[in-house]
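Q: Quick one: the structure is below, and I'll ask about it shortly.
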Amino acid sequence: MAIELKGLTKRSEDYSKWYNELVVKADLAEQADVRGCMVIKPYGYAIWEKMQRVLDDMFKETGVQNAYFPLLIPKSFLSREAEHVEGFAKECAVVTHYRLKTNETHDGVIVDPEAKLEEELIVRPTSETIIWNTYKNWIHSYRDLPVLCNQWCNVMRWEMRTRLFLRTSEFLWQEGHTAHATREEAEARAKQMLKVYADFAERYMAVPVVQGVKSETERFAGALDTYTIEAMMQDGKALQSGTSHFLGQNFGKAFDVQFTDKDGKLDYAWATSWGVSTRLMGALIMTHSDDNGLVLPPALAPIQVVIVPIYKGADQLEAINNKIQPLIDKFKAMGISVKYDNADNKRPGFKFADYELKGVPVRLVMGGRDLENNTVEVMRRDTLEKETVSFDGIETYVQNLLDEIQKNIFKKAKDFRDAHIYECDDYEEFKQKVKNGGFFLCHWDGTAETEAKIKADTQATIRCVPYMFEQTEGVDMVSGKPSKCRVLIARSY
RNA sequence: CGGGGUGUAGCGCAGUCCGGUUAGCGCAUCUGUUUUGGGAACAGAGGGUCCCAGGUUCGAAUCCUGGUACCCCGACCA
């Protein structure tokens, strides 16, 4: 059928299918031929690159420097921290040999059994162990502290079931690892980096997030505290979008990172780690997109403005080209990324649909009518509203419109989220409502048993103890025991 | 690891039950002409180890045996 490449499954019909189609059709990524892995296509990668650039600057403003540590981790490193290995052991890829050889029939290769490694190497699922093994050599005195490193890299977690951007066997991320002389300093750093993530999500991605701290069961393996930002997708499910961990002295002790403090006493270094991944791409897609495709925030869109000419014959095309060229130069001088698509192998209607699918925030159209009237048609992606405006001063108009779109999609996402946050004190009511998505603020007695019961009954989990709401004491809706505060409960990705 | 399903052109599929001309359709691709204010039309062309191995048969995409890969639903997870 000709419909095959047209249109998109409606969001409301099948959210998962819609998401998958969107990722593929908008040219962001596709399933790789390798199990559970993903190919990020140039358009998708351009968005990721822009995210990286902004985040990197934000990190550097807090004193963090980039570094790089090895991909392969000796197996013994992972066993140093008991909780940590328990958390990751089930999903590690293991390197056992270092050589191949041709098989007996000379039509393929086999693993050379002679080339077995004495100690297996683990493809990093996260780098705490190898980094703290290195920090042992870097840190001897309080004068060596703090150490503030970040690395941009790939990691591998052998997940059973994968989804483009949200969960893939290999993913790209940044992981920051800091070492400090005091508990207070490390805790402050963990909170500070969460704040950076929240700022980034809200100001650049236009994704509103709930900041909070994880319950013990949801904590990172080996952490004393895990701070998180949780975003709400359009199906009402939560997406954990970034985490920052206060690791205490667990890794300092496991890797024997000791330093001499001001008083000449030996102490173990205090640690934090924090990361965001290409999962943020999933958050971006699922927060703003609609039935026509992607909606990108202007702050991260690789193409902010697309210009499409409509013409009859070569003469008219040339007239439009001449009219548009100075505008392109103006946009470039203003730092606005613009694409002029005058390719003649696609018709205007196709281009309109295609750039909408790809989420380009603003589209300008110039045709014969506009040439005559000195006007241009402006379409904004977030509302799909069209307007014909004067060509004179269009660059300022567009710049204001980009700002307006950035604000508008954030407001839209925030209004949606706030409309789906419920306070709930009745477990039966909760069980009914939570199926349809949304964030639930409920009293919790603080026990893992209650948490497990909620998960078993509803598949929903405690996302965090949120910071942003005023807290009062109350009664746990499941156990009836006293509760110090409300926690955020939701079904999640 | 438990339950279900699928492997046929770049992609999506029909054909398999009931074996039989040269394996077919849509999309995409290429060529040509006309088109261009919301996903163009017509004409023509190219493209296949029918997942792999073995078996049954005059004859296998189709039946049998074994293998393998991937997808979906659970458990796990950023």
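Letters A, B, ... go to the chains of the structure tokens in the order shown; residues in each chain start at 1; ligands are counted from 1 in the same order.
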May I have the residues within 12 Å of G74 (chain B) as a list of chain:residue names, using only C-alpha atoms (C1' of nucleotides) and disregarding those fewer than 4 positions away in the same chain?
A: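 Surrounding residues, per the criterion: A:Met160, A:Arg161, B:C1, B:G2, B:G3, B:G4.
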Q: Excluding Lys351 (chain A) and residues on its chain fewer than 4 positions from it, collect all residues at most 12 Å away from it, counting only C-alpha atoms (C1' of nucleotides), and give them as a PyMOL selection string.
A: (chain A and resi 306-310+339-347+355-358+360+363-365) or (chain B and resi 36+38-39)
Q: Show me which bits of chain B are within 8 Å of chain A, counting only C-alpha atoms (C1' of nucleotides), as a PyMOL selection string.
A: chain B and resi 12+26-27+36-40+76-78
Q: What gap, in Å, lies between CA of Thr226 (chain A) and CA of His420 (chain A)?
A: 24.7 Å
Q: Taking only C-alpha atoms into account, which of A:Ile122, A:Ala490, A:Val196, A:Val109 comes nearest Gln459 (chain A)?
A: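 Answer, going by the shortest atom-to-atom distance: A:Ala490.
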Q: Would you please extract all helix (DSSP H, G or I) residues from region 201-378 of chain A, as assigned by DSSP on the backbone, and give them as a VMD selection string?
A: chain A and resid 201 to 204 216 to 218 250 to 254 279 to 288 313 to 333 348 to 357 368 to 373
